[in-house]
$ cat final.pdb   # PDB, C-alpha atoms and all ligand atoms
ATOM      1  CA  MET A 848     -12.231  15.486  -1.462
ATOM      2  CA  GLU A 849     -10.348  16.624   1.658
ATOM      3  CA  THR A 850      -7.177  14.662   2.436
ATOM      4  CA  LEU A 851      -4.795  13.982   5.313
ATOM      5  CA  THR A 852      -1.031  13.663   4.879
ATOM      6  CA  LEU A 853       0.407  10.336   6.039
ATOM      7  CA  ASN A 854       3.795   9.948   7.769
ATOM      8  CA  ASP A 855       5.318   8.848   4.429
ATOM      9  CA  GLY A 856       4.198  12.059   2.705
ATOM     10  CA  ASN A 857       1.332  10.492   0.715
ATOM     11  CA  SER A 858      -2.209  11.909   0.832
ATOM     12  CA  ILE A 859      -5.281   9.930   1.852
ATOM     13  CA  PRO A 860      -8.928  11.010   1.458
ATOM     14  CA  VAL A 861     -10.465  11.701   4.888
ATOM     15  CA  ILE A 862     -13.319   9.222   4.349
ATOM     16  CA  GLY A 863     -13.381   5.856   2.583
ATOM     17  CA  PHE A 864     -16.082   3.455   1.416
ATOM     18  CA  GLY A 865     -15.923   0.078   3.198
ATOM     19  CA  VAL A 866     -16.944  -3.093   1.368
ATOM     20  CA  PHE A 867     -16.728  -5.779   4.064
ATOM     21  CA  MET A 868     -19.566  -8.329   3.692
ATOM     22  CA  ILE A 869     -20.656  -7.083   0.256
ATOM     23  CA  PRO A 870     -20.534 -10.154  -2.006
ATOM     24  CA  ASN A 871     -18.458 -10.370  -5.185
ATOM     25  CA  ASN A 872     -20.054 -10.920  -8.613
ATOM     26  CA  GLY A 873     -22.487  -8.031  -8.597
ATOM     27  CA  PRO A 874     -23.335  -6.493  -5.227
ATOM     28  CA  ALA A 875     -19.829  -5.143  -4.508
ATOM     29  CA  TYR A 876     -19.558  -3.914  -8.112
ATOM     30  CA  GLN A 877     -22.861  -2.031  -7.801
ATOM     31  CA  ALA A 878     -21.987  -0.564  -4.398
ATOM     32  CA  VAL A 879     -18.551   0.675  -5.519
ATOM     33  CA  ARG A 880     -19.978   2.106  -8.763
ATOM     34  CA  THR A 881     -22.558   4.014  -6.692
ATOM     35  CA  ALA A 882     -19.886   5.157  -4.238
ATOM     36  CA  LEU A 883     -17.649   6.487  -7.025
ATOM     37  CA  ASP A 884     -20.624   8.129  -8.771
ATOM     38  CA  VAL A 885     -21.594  10.064  -5.635
ATOM     39  CA  GLY A 886     -18.017  11.191  -5.000
ATOM     40  CA  TYR A 887     -16.097   8.721  -2.810
ATOM     41  CA  ARG A 888     -12.476   8.497  -3.927
ATOM     42  CA  HIS A 889     -11.264   5.939  -1.375
ATOM     43  CA  ILE A 890     -12.300   2.276  -1.291
ATOM     44  CA  ASP A 891     -11.391  -0.099   1.537
ATOM     45  CA  THR A 892     -11.319  -3.791   0.596
ATOM     46  CA  ALA A 893      -9.245  -6.825   1.670
ATOM     47  CA  ALA A 894      -8.227 -10.209   0.305
ATOM     48  CA  ALA A 895     -10.474 -11.746   2.974
ATOM     49  CA  TYR A 896     -13.542  -9.794   1.787
ATOM     50  CA  LEU A 897     -13.358 -11.936  -1.379
ATOM     51  CA  ASN A 898     -14.605  -9.032  -3.510
ATOM     52  CA  GLU A 899     -11.425  -7.470  -4.919
ATOM     53  CA  GLU A 900     -12.446  -8.446  -8.492
ATOM     54  CA  ASP A 901     -15.692  -6.473  -8.229
ATOM     55  CA  VAL A 902     -13.892  -3.502  -6.679
ATOM     56  CA  GLY A 903     -11.331  -3.447  -9.497
ATOM     57  CA  LYS A 904     -13.979  -3.774 -12.218
ATOM     58  CA  ALA A 905     -16.078  -0.985 -10.682
ATOM     59  CA  VAL A 906     -13.011   1.281 -10.545
ATOM     60  CA  ARG A 907     -12.188   0.573 -14.202
ATOM     61  CA  ASP A 908     -15.783   1.081 -15.397
ATOM     62  CA  SER A 909     -16.331   4.233 -13.309
ATOM     63  CA  GLY A 910     -14.713   6.627 -15.739
ATOM     64  CA  VAL A 911     -12.746   8.112 -12.835
ATOM     65  CA  PRO A 912      -8.992   7.996 -13.559
ATOM     66  CA  ARG A 913      -7.193   5.369 -11.476
ATOM     67  CA  ASP A 914      -4.838   7.974 -10.018
ATOM     68  CA  GLN A 915      -7.804   9.810  -8.492
ATOM     69  CA  ILE A 916      -8.996   6.747  -6.563
ATOM     70  CA  PHE A 917      -7.308   5.577  -3.370
ATOM     71  CA  ILE A 918      -7.529   1.776  -3.080
ATOM     72  CA  THR A 919      -6.694  -0.118   0.105
ATOM     73  CA  SER A 920      -6.415  -3.889   0.359
ATOM     74  CA  LYS A 921      -5.125  -6.163   3.106
ATOM     75  CA  LEU A 922      -2.943  -9.207   3.575
ATOM     76  CA  TRP A 923      -4.744 -12.133   5.186
ATOM     77  CA  ILE A 924      -3.309 -14.215   8.066
ATOM     78  CA  SER A 925      -2.673 -17.249   5.830
ATOM     79  CA  ASP A 926      -0.104 -15.123   3.917
ATOM     80  CA  LEU A 927       1.512 -13.481   6.941
ATOM     81  CA  SER A 928       5.199 -14.193   6.197
ATOM     82  CA  TYR A 929       7.848 -12.832   3.807
ATOM     83  CA  GLU A 930       7.037 -15.213   0.924
ATOM     84  CA  GLY A 931       3.350 -15.177   1.802
ATOM     85  CA  ALA A 932       3.191 -11.396   1.580
ATOM     86  CA  LYS A 933       4.837 -11.407  -1.862
ATOM     87  CA  ARG A 934       2.189 -13.926  -2.962
ATOM     88  CA  GLY A 935      -0.646 -11.983  -1.289
ATOM     89  CA  ILE A 936       0.392  -8.669  -2.865
ATOM     90  CA  ALA A 937       0.610 -10.243  -6.337
ATOM     91  CA  ARG A 938      -2.786 -11.935  -5.908
ATOM     92  CA  SER A 939      -4.536  -8.744  -4.770
ATOM     93  CA  LEU A 940      -3.020  -6.756  -7.653
ATOM     94  CA  ARG A 941      -4.233  -9.394 -10.100
ATOM     95  CA  LYS A 942      -7.742  -9.566  -8.650
ATOM     96  CA  LEU A 943      -8.034  -5.777  -8.499
ATOM     97  CA  GLY A 944      -6.644  -5.517 -12.030
ATOM     98  CA  THR A 945      -4.290  -2.710 -11.079
ATOM     99  CA  ASP A 946      -0.523  -2.362 -10.995
ATOM    100  CA  TYR A 947      -0.335  -0.632  -7.600
ATOM    101  CA  MET A 948      -2.273  -0.278  -4.373
ATOM    102  CA  ASP A 949      -2.427   3.067  -2.579
ATOM    103  CA  LEU A 950      -2.424   1.400   0.830
ATOM    104  CA  TYR A 951      -1.804  -2.189   1.871
ATOM    105  CA  LEU A 952      -2.311  -3.403   5.417
ATOM    106  CA  ILE A 953      -1.433  -6.372   7.568
ATOM    107  CA  HIS A 954      -5.077  -7.253   8.198
ATOM    108  CA  GLN A 955      -4.672  -9.190  11.442
ATOM    109  CA  PRO A 956      -1.503  -9.196  13.581
ATOM    110  CA  TYR A 957      -1.076 -12.955  14.026
ATOM    111  CA  GLY A 958       1.958 -14.528  12.303
ATOM    112  CA  ASP A 959       5.353 -13.458  11.002
ATOM    113  CA  ILE A 960       4.771  -9.700  11.078
ATOM    114  CA  PRO A 961       8.448  -8.656  10.539
ATOM    115  CA  GLY A 962       8.764 -11.054   7.566
ATOM    116  CA  ALA A 963       5.583  -9.804   5.910
ATOM    117  CA  TRP A 964       6.585  -6.208   6.642
ATOM    118  CA  SER A 965       9.947  -6.672   4.839
ATOM    119  CA  ALA A 966       8.131  -7.838   1.705
ATOM    120  CA  MET A 967       5.764  -4.877   2.016
ATOM    121  CA  GLU A 968       8.698  -2.452   2.433
ATOM    122  CA  GLU A 969      10.287  -3.922  -0.719
ATOM    123  CA  ALA A 970       7.021  -3.524  -2.653
ATOM    124  CA  LYS A 971       6.758   0.036  -1.352
ATOM    125  CA  SER A 972      10.256   0.874  -2.566
ATOM    126  CA  LYS A 973       9.277  -0.427  -6.029
ATOM    127  CA  GLY A 974       6.124   1.741  -6.037
ATOM    128  CA  ILE A 975       3.792  -1.290  -6.156
ATOM    129  CA  LEU A 976       2.494  -0.301  -2.725
ATOM    130  CA  ARG A 977       2.352   3.448  -2.189
ATOM    131  CA  SER A 978       1.766   3.290   1.593
ATOM    132  CA  ILE A 979       1.863   0.408   4.049
ATOM    133  CA  GLY A 980       0.157  -0.046   7.371
ATOM    134  CA  VAL A 981      -1.355  -2.353   9.933
ATOM    135  CA  SER A 982      -4.762  -3.171  11.324
ATOM    136  CA  ASN A 983      -6.188  -4.497  14.576
ATOM    137  CA  MET A 984      -3.088  -3.673  16.578
ATOM    138  CA  SER A 985      -4.105  -3.159  20.210
ATOM    139  CA  PRO A 986      -1.779  -1.134  22.472
ATOM    140  CA  ALA A 987      -0.092  -4.393  23.588
ATOM    141  CA  ILE A 988       0.435  -5.669  20.028
ATOM    142  CA  TYR A 989       1.474  -2.229  18.734
ATOM    143  CA  SER A 990       4.090  -1.736  21.439
ATOM    144  CA  ARG A 991       5.478  -5.227  20.829
ATOM    145  CA  PHE A 992       5.894  -4.972  17.044
ATOM    146  CA  VAL A 993       6.017  -1.396  15.815
ATOM    147  CA  PRO A 994       9.297  -0.479  17.597
ATOM    148  CA  LEU A 995      10.940  -3.285  15.548
ATOM    149  CA  LEU A 996       9.885  -1.771  12.207
ATOM    150  CA  SER A 997      12.259   0.696  10.538
ATOM    151  CA  VAL A 998       9.497   1.991   8.248
ATOM    152  CA  LYS A 999       6.639   2.966  10.572
ATOM    153  CA  PRO A1000       3.087   2.034   9.525
ATOM    154  CA  ALA A1001       1.204   4.874   7.849
ATOM    155  CA  VAL A1002      -2.071   3.801   9.486
ATOM    156  CA  ASN A1003      -3.514   1.403  12.034
ATOM    157  CA  GLN A1004      -7.072   0.451  11.032
ATOM    158  CA  VAL A1005      -9.000  -0.400  14.194
ATOM    159  CA  GLU A1006     -12.484  -0.478  15.647
ATOM    160  CA  PHE A1007     -13.458   3.116  16.410
ATOM    161  CA  ASN A1008     -16.635   5.121  16.906
ATOM    162  CA  PRO A1009     -17.934   7.505  19.608
ATOM    163  CA  THR A1010     -18.426   4.568  22.011
ATOM    164  CA  PHE A1011     -14.824   3.354  21.579
ATOM    165  CA  LEU A1012     -12.317   6.162  21.135
ATOM    166  CA  GLN A1013      -9.166   4.033  21.519
ATOM    167  CA  LYS A1014      -7.523   6.721  23.673
ATOM    168  CA  PRO A1015      -4.420   4.790  24.930
ATOM    169  CA  LEU A1016      -3.724   3.377  21.464
ATOM    170  CA  ARG A1017      -4.064   6.729  19.716
ATOM    171  CA  GLN A1018      -1.712   8.356  22.205
ATOM    172  CA  MET A1019       0.851   5.688  21.426
ATOM    173  CA  MET A1020       0.397   6.070  17.668
ATOM    174  CA  GLU A1021       0.608   9.847  17.760
ATOM    175  CA  LYS A1022       4.339   9.875  18.440
ATOM    176  CA  ASP A1023       4.926   7.802  15.260
ATOM    177  CA  GLY A1024       2.512   9.959  13.249
ATOM    178  CA  VAL A1025       0.329   6.912  12.554
ATOM    179  CA  VAL A1026      -3.188   7.800  11.357
ATOM    180  CA  THR A1027      -6.187   5.953  12.816
ATOM    181  CA  GLU A1028      -8.651   4.468  10.347
ATOM    182  CA  ALA A1029     -12.049   3.568  11.813
ATOM    183  CA  TRP A1030     -13.707   0.264  11.163
ATOM    184  CA  TYR A1031     -17.229  -0.067  12.602
ATOM    185  CA  PRO A1032     -17.476   3.746  12.261
ATOM    186  CA  LEU A1033     -21.261   3.389  12.685
ATOM    187  CA  GLY A1034     -20.872   0.605  15.243
ATOM    188  CA  HIS A1035     -21.738  -1.876  12.444
ATOM    189  CA  GLY A1036     -25.172  -0.212  12.292
ATOM    190  CA  ASP A1037     -25.486  -0.119  16.093
ATOM    191  CA  ALA A1038     -29.064   1.033  16.803
ATOM    192  CA  ALA A1039     -28.206   2.190  20.339
ATOM    193  CA  LEU A1040     -25.455   4.468  19.035
ATOM    194  CA  LEU A1041     -27.468   5.725  16.061
ATOM    195  CA  SER A1042     -30.462   6.547  18.258
ATOM    196  CA  SER A1043     -28.607   7.890  21.284
ATOM    197  CA  PRO A1044     -30.091  11.235  22.469
ATOM    198  CA  VAL A1045     -26.765  13.084  22.055
ATOM    199  CA  VAL A1046     -26.591  12.064  18.412
ATOM    200  CA  THR A1047     -30.257  12.638  17.576
ATOM    201  CA  ARG A1048     -30.249  16.105  19.180
ATOM    202  CA  LEU A1049     -27.305  17.155  16.995
ATOM    203  CA  ALA A1050     -28.943  15.562  13.949
ATOM    204  CA  GLN A1051     -31.997  17.732  14.541
ATOM    205  CA  LYS A1052     -29.920  20.868  15.081
ATOM    206  CA  TYR A1053     -27.970  20.475  11.830
ATOM    207  CA  GLY A1054     -30.762  18.938   9.710
ATOM    208  CA  LYS A1055     -28.624  15.810   9.274
ATOM    209  CA  ASP A1056     -29.147  12.134  10.086
ATOM    210  CA  ALA A1057     -27.455  10.200  12.878
ATOM    211  CA  GLY A1058     -24.937   8.548  10.544
ATOM    212  CA  GLN A1059     -23.821  11.948   9.249
ATOM    213  CA  ILE A1060     -23.295  13.307  12.789
ATOM    214  CA  ILE A1061     -21.164  10.305  13.751
ATOM    215  CA  ILE A1062     -19.106  10.362  10.545
ATOM    216  CA  ARG A1063     -18.571  14.131  10.881
ATOM    217  CA  PHE A1064     -17.431  13.619  14.490
ATOM    218  CA  GLU A1065     -14.879  11.030  13.358
ATOM    219  CA  ILE A1066     -13.484  13.234  10.604
ATOM    220  CA  GLN A1067     -13.141  16.189  13.000
ATOM    221  CA  GLU A1068     -11.442  13.808  15.457
ATOM    222  CA  GLY A1069      -8.734  13.266  12.793
ATOM    223  CA  VAL A1070      -9.778   9.646  12.233
ATOM    224  CA  ILE A1071     -10.653   8.240   8.791
ATOM    225  CA  PRO A1072     -14.103   6.564   8.820
ATOM    226  CA  LEU A1073     -14.796   3.738   6.371
ATOM    227  CA  PRO A1074     -18.614   3.501   6.434
ATOM    228  CA  LYS A1075     -20.092   0.543   4.575
ATOM    229  CA  SER A1076     -23.524   0.481   3.024
ATOM    230  CA  SER A1077     -25.248  -1.495   0.319
ATOM    231  CA  THR A1078     -28.117   1.026   0.298
ATOM    232  CA  PRO A1079     -27.637   3.707  -2.407
ATOM    233  CA  ALA A1080     -29.301   6.473  -0.356
ATOM    234  CA  ARG A1081     -27.019   5.757   2.620
ATOM    235  CA  ILE A1082     -23.920   5.447   0.429
ATOM    236  CA  GLN A1083     -24.724   9.000  -0.655
ATOM    237  CA  SER A1084     -25.803  10.452   2.705
ATOM    238  CA  ASN A1085     -22.757   9.071   4.543
ATOM    239  CA  LEU A1086     -20.560  11.234   2.282
ATOM    240  CA  ASP A1087     -22.687  14.360   2.638
ATOM    241  CA  VAL A1088     -20.865  15.594   5.740
ATOM    242  CA  PHE A1089     -18.780  18.484   4.451
ATOM    243  CA  ASP A1090     -21.318  21.322   4.753
ATOM    244  CA  PHE A1091     -21.430  21.628   8.549
ATOM    245  CA  LYS A1092     -19.039  21.618  11.495
ATOM    246  CA  LEU A1093     -19.567  20.408  15.058
ATOM    247  CA  SER A1094     -18.496  22.863  17.757
ATOM    248  CA  GLU A1095     -15.781  21.956  20.267
ATOM    249  CA  ASP A1096     -18.486  21.610  22.962
ATOM    250  CA  GLU A1097     -20.440  19.233  20.738
ATOM    251  CA  MET A1098     -17.292  17.194  20.067
ATOM    252  CA  THR A1099     -16.747  16.959  23.842
ATOM    253  CA  THR A1100     -20.337  15.797  24.366
ATOM    254  CA  LEU A1101     -19.964  13.112  21.695
ATOM    255  CA  ARG A1102     -16.657  12.014  23.241
ATOM    256  CA  SER A1103     -18.570  11.392  26.485
ATOM    257  CA  LEU A1104     -20.166   8.334  24.809
ATOM    258  CA  ASP A1105     -16.777   6.576  25.052
ATOM    259  CA  THR A1106     -16.971   3.337  27.043
ATOM    260  CA  GLY A1107     -13.271   2.527  26.539
ATOM    261  CA  LYS A1108     -14.274  -0.875  25.135
ATOM    262  CA  GLY A1109     -15.151  -2.258  21.716
ATOM    263  CA  LYS A1110     -16.818  -5.392  20.380
ATOM    264  CA  HIS A1111     -13.513  -6.864  19.203
ATOM    265  CA  ASP A1112     -10.501  -7.546  21.443
ATOM    266  CA  PRO A1113      -7.335  -8.264  19.398
ATOM    267  CA  ASP A1114      -5.634  -9.610  22.550
ATOM    268  CA  THR A1115      -8.090 -12.541  22.909
ATOM    269  CA  PRO A1116      -6.051 -15.784  23.194
ATOM    270  CA  GLY A1117      -6.414 -18.045  20.145
ATOM    271  CA  LEU A1118      -8.031 -15.332  18.027
ATOM    272  CA  GLY A1119      -5.457 -15.701  15.222
ATOM    273  CA  ASP A1120      -6.386 -19.358  14.672
ATOM    274  CA  THR A1121     -10.116 -18.665  14.780
ATOM    275  CA  LEU A1122      -9.821 -15.861  12.241
ATOM    276  CA  ARG A1123      -7.403 -17.712   9.954
ATOM    277  CA  ASN A1124      -9.975 -20.450   9.461
ATOM    278  CA  ALA A1125     -12.882 -18.056   9.011
ATOM    279  CA  PHE A1126     -11.760 -16.781   5.590
ATOM    280  CA  ILE A1127     -10.118 -18.962   2.960
ATOM    281  CA  ILE A1128      -8.445 -17.021   0.156
ATOM    282  CA  GLU A1129      -8.333 -18.782  -3.198
ATOM    283  CA  ASP A1130      -6.147 -17.842  -6.159
TER     284      ASP A1130
HETATM  285  N1  LIG B1201      -9.648  -4.122   9.407
HETATM  286  C1  LIG B1201     -10.620  -4.847   9.891
HETATM  287  O1  LIG B1201     -10.395  -5.861  10.565
HETATM  288  C2  LIG B1201     -12.022  -4.454   9.632
HETATM  289  C3  LIG B1201     -13.072  -5.035  10.358
HETATM  290  C4  LIG B1201     -14.381  -4.620  10.088
HETATM  291  C5  LIG B1201     -14.598  -3.659   9.110
HETATM  292  N2  LIG B1201     -13.559  -3.120   8.405
HETATM  293  C6  LIG B1201     -13.773  -2.063   7.369
HETATM  294  O2  LIG B1201     -14.627  -1.068   7.899
HETATM  295  C7  LIG B1201     -15.787  -0.959   7.076
HETATM  296  C8  LIG B1201     -16.971  -0.569   7.924
HETATM  297  O3  LIG B1201     -17.291  -1.566   8.871
HETATM  298  P1  LIG B1201     -18.713  -2.252   8.924
HETATM  299  O4  LIG B1201     -19.216  -2.354   7.552
HETATM  300  O5  LIG B1201     -18.613  -3.523   9.616
HETATM  301  O6  LIG B1201     -19.544  -1.275   9.859
HETATM  302  P2  LIG B1201     -20.228   0.166   9.705
HETATM  303  O7  LIG B1201     -19.796   0.883   8.485
HETATM  304  O8  LIG B1201     -20.064   0.798  11.037
HETATM  305  O9  LIG B1201     -21.751  -0.227   9.600
HETATM  306  C9  LIG B1201     -22.299  -0.809   8.428
HETATM  307  C10 LIG B1201     -23.741  -1.172   8.779
HETATM  308  O10 LIG B1201     -24.471   0.020   9.071
HETATM  309  C11 LIG B1201     -25.528   0.185   8.150
HETATM  310  N3  LIG B1201     -25.512   1.611   7.778
HETATM  311  C12 LIG B1201     -24.713   2.231   6.884
HETATM  312  N4  LIG B1201     -24.980   3.548   6.841
HETATM  313  C13 LIG B1201     -25.965   3.771   7.736
HETATM  314  C14 LIG B1201     -26.657   4.938   8.135
HETATM  315  N5  LIG B1201     -26.377   6.130   7.614
HETATM  316  N6  LIG B1201     -27.628   4.809   9.086
HETATM  317  C15 LIG B1201     -27.902   3.592   9.626
HETATM  318  N7  LIG B1201     -27.280   2.459   9.288
HETATM  319  C16 LIG B1201     -26.310   2.546   8.339
HETATM  320  C17 LIG B1201     -25.234  -0.722   6.979
HETATM  321  O11 LIG B1201     -26.443  -1.208   6.438
HETATM  322  P3  LIG B1201     -26.757  -1.246   4.849
HETATM  323  O12 LIG B1201     -25.570  -1.817   4.143
HETATM  324  O13 LIG B1201     -27.952  -2.144   4.803
HETATM  325  O14 LIG B1201     -27.080   0.166   4.428
HETATM  326  C18 LIG B1201     -24.446  -1.844   7.647
HETATM  327  O15 LIG B1201     -25.346  -2.777   8.229
HETATM  328  C19 LIG B1201     -15.893  -2.322   6.402
HETATM  329  O16 LIG B1201     -16.700  -2.331   5.269
HETATM  330  C20 LIG B1201     -14.434  -2.604   6.110
HETATM  331  O17 LIG B1201     -14.008  -1.902   4.964
HETATM  332  C21 LIG B1201     -12.283  -3.505   8.663
END
$ encode --input "final.pdb" --output "structure tokens"
Amino acid sequence: METLTLNDGNSIPVIGFGVFMIPNNGPAYQAVRTALDVGYRHIDTAAAYLNEEDVGKAVRDSGVPRDQIFITSKLWISDLSYEGAKRGIARSLRKLGTDYMDLYLIHQPYGDIPGAWSAMEEAKSKGILRSIGVSNMSPAIYSRFVPLLSVKPAVNQVEFNPTFLQKPLRQMMEKDGVVTEAWYPLGHGDAALLSSPVVTRLAQKYGKDAGQIIIRFEIQEGVIPLPKSSTPARIQSNLDVFDFKLSEDEMTTLRSLDTGKGKHDPDTPGLGDTLRNAFIIED
């Protein structure tokens, strides 16, 4: 599996398997087992996905050594403080059944970010968290908080796909060496994106499907896609993107799909409260 080097020196596989909205107690276990069987070595979960137990069990049963699998989890808003982060880290480790996480993110930037970050820095210095990062930081939120942090985030996981290239944000992150991870890499299964003429023409040319063209574009763009699927054939096909390369002209054409806007706006007033109540994390 190809990797990128993060700003803390750690390596991260260039594609991950996302498990948002795959239920615990079976479906997430099956999906992660399939993903590991077909070759993914990077799993993206979160406390708020409520499926860390299944992810951990699938990793243990896979036969793949733990140190060859990159596991990300995320701290939910209800734990976004110094003490809360210590509690959230311990809970995720217990549910995953592992003694370290490769990457741990502040899932949503609403709460005591500096407090939570201190606890994450401490856990990083103990080796419990190998890399630490943030998610859903818009340019406004990023420029407000990141300059305060002595350890810079390794990644910012944000909405990204050919229709939303996050240009201003990525320019800002570049100077800190912060890698972009793409959620909604397939637009959450966006039919308009998947069937757009630019994408289908390239799919025909390379004998690939639309998902593979989009994922390949993201990898060549230096962004880490986290495609989710519960469908075994798609879990496999979404990883089968390493035997072709888009030309620079084709990359430019795909970039022309950018609308400069996504479905999610982290700057929406009151969003923190709405999200906090949407996912309740239990011990
Ligand atoms: N940090 C955050 O706040 C945040 C927010 C959202 C997501 N995420 C992360 O990003 C991951 C991906 O996001 P997402 O799951 O919402 O969106 P996505 O990966 O863009 O799209 C997933 C949807 O596309 C379908 N799909 C998968 N492969 C396909 C293909 N090759 N062709 C056509 N359709 C395909 C899936 O259907 P089937 O399952 O039926 O195959 C599913 O409905 C999540 O799982 C999570 O890890 C993070």
$ closest_residue --input "final.pdb" --among "A:Gly958, A:Gly1109, A:Gly856, A:Gly1036" --to "A:Arg1081" --atoms "all atoms listed in the file"
A:Gly1036
$ residues_around --input "final.pdb" --residues "stretch 1044-1051 of chain A" --least-positions-apart "6" --cutoff "7 Å" --atoms "only C-alpha atoms" --output "NGL selection string"
:A and (1057 or 1060 or 1101)
$ resolve_selection --input "final.pdb" --expression "the PyMOL selection byres (((not hetatm)) within 9 of (chain B and resi 1201))" --output "number ranges by chain"
A: 863-869, 890-893, 896, 919, 921, 952-955, 981-983, 1003-1008, 1028-1038, 1041, 1056-1059, 1062, 1072-1085
$ atom_distance --input "final.pdb" --atom1 "atom CA of A:Lys1014" --atom2 "atom CA of A:Thr850"
22.7 Å
$ resolve_selection --input "final.pdb" --expression "the PyMOL selection byres (((chain A and resi 1105) around 12) and not hetatm)" --output "count of residues only"
20
$ atom_distance --input "final.pdb" --atom1 "atom CA of A:Phe917" --atom2 "atom CA of A:Pro961"
25.4 Å
$ closest_residue --input "final.pdb" --among "A:Glu969, A:Pro870, A:Leu883, A:Pro986" --to "A:Gln1018" --atoms "only C-alpha atoms"
A:Pro986
$ closest_residue --input "final.pdb" --among "A:Asp914, A:Glu930, A:Glu1021, A:Glu968" --to "A:Asn854" --atoms "all atoms listed in the file"
A:Glu1021
$ decode --input "final.pdb" --residues "stretch 1037-1048 of chain A" --atoms "N, CA and C atoms" --output "mmCIF file, in the first residue's frame"
data_model
loop_
_atom_site.group_PDB
_atom_site.id
_atom_site.type_symbol
_atom_site.label_atom_id
_atom_site.label_comp_id
_atom_site.auth_asym_id
_atom_site.auth_seq_id
_atom_site.Cartn_x
_atom_site.Cartn_y
_atom_site.Cartn_z
ATOM 1 N N ASP A 1037 -23.100 10.421 -4.738
ATOM 2 C CA ASP A 1037 -23.784 11.444 -5.548
ATOM 3 C C ASP A 1037 -23.908 10.999 -7.024
ATOM 4 N N ALA A 1038 -25.154 10.732 -7.441
ATOM 5 C CA ALA A 1038 -25.384 10.207 -8.796
ATOM 6 C C ALA A 1038 -24.936 11.205 -9.866
ATOM 7 N N ALA A 1039 -25.126 12.505 -9.598
ATOM 8 C CA ALA A 1039 -24.746 13.507 -10.605
ATOM 9 C C ALA A 1039 -23.235 13.491 -10.824
ATOM 10 N N LEU A 1040 -22.484 13.374 -9.738
ATOM 11 C CA LEU A 1040 -21.023 13.315 -9.858
ATOM 12 C C LEU A 1040 -20.601 12.015 -10.552
ATOM 13 N N LEU A 1041 -21.163 10.897 -10.068
ATOM 14 C CA LEU A 1041 -20.746 9.591 -10.590
ATOM 15 C C LEU A 1041 -21.115 9.419 -12.069
ATOM 16 N N SER A 1042 -22.130 10.134 -12.520
ATOM 17 C CA SER A 1042 -22.536 9.972 -13.924
ATOM 18 C C SER A 1042 -22.176 11.193 -14.768
ATOM 19 N N SER A 1043 -21.336 12.074 -14.237
ATOM 20 C CA SER A 1043 -21.011 13.268 -15.026
ATOM 21 C C SER A 1043 -20.178 12.848 -16.251
ATOM 22 N N PRO A 1044 -20.411 13.501 -17.401
ATOM 23 C CA PRO A 1044 -19.757 13.091 -18.657
ATOM 24 C C PRO A 1044 -18.227 13.038 -18.545
ATOM 25 N N VAL A 1045 -17.640 13.997 -17.814
ATOM 26 C CA VAL A 1045 -16.173 14.007 -17.673
ATOM 27 C C VAL A 1045 -15.702 12.699 -17.034
ATOM 28 N N VAL A 1046 -16.417 12.281 -16.014
ATOM 29 C CA VAL A 1046 -16.025 11.076 -15.279
ATOM 30 C C VAL A 1046 -16.288 9.829 -16.126
ATOM 31 N N THR A 1047 -17.445 9.765 -16.757
ATOM 32 C CA THR A 1047 -17.773 8.542 -17.513
ATOM 33 C C THR A 1047 -16.865 8.377 -18.748
ATOM 34 N N ARG A 1048 -16.470 9.503 -19.349
ATOM 35 C CA ARG A 1048 -15.561 9.409 -20.505
ATOM 36 C C ARG A 1048 -14.214 8.813 -20.074
#
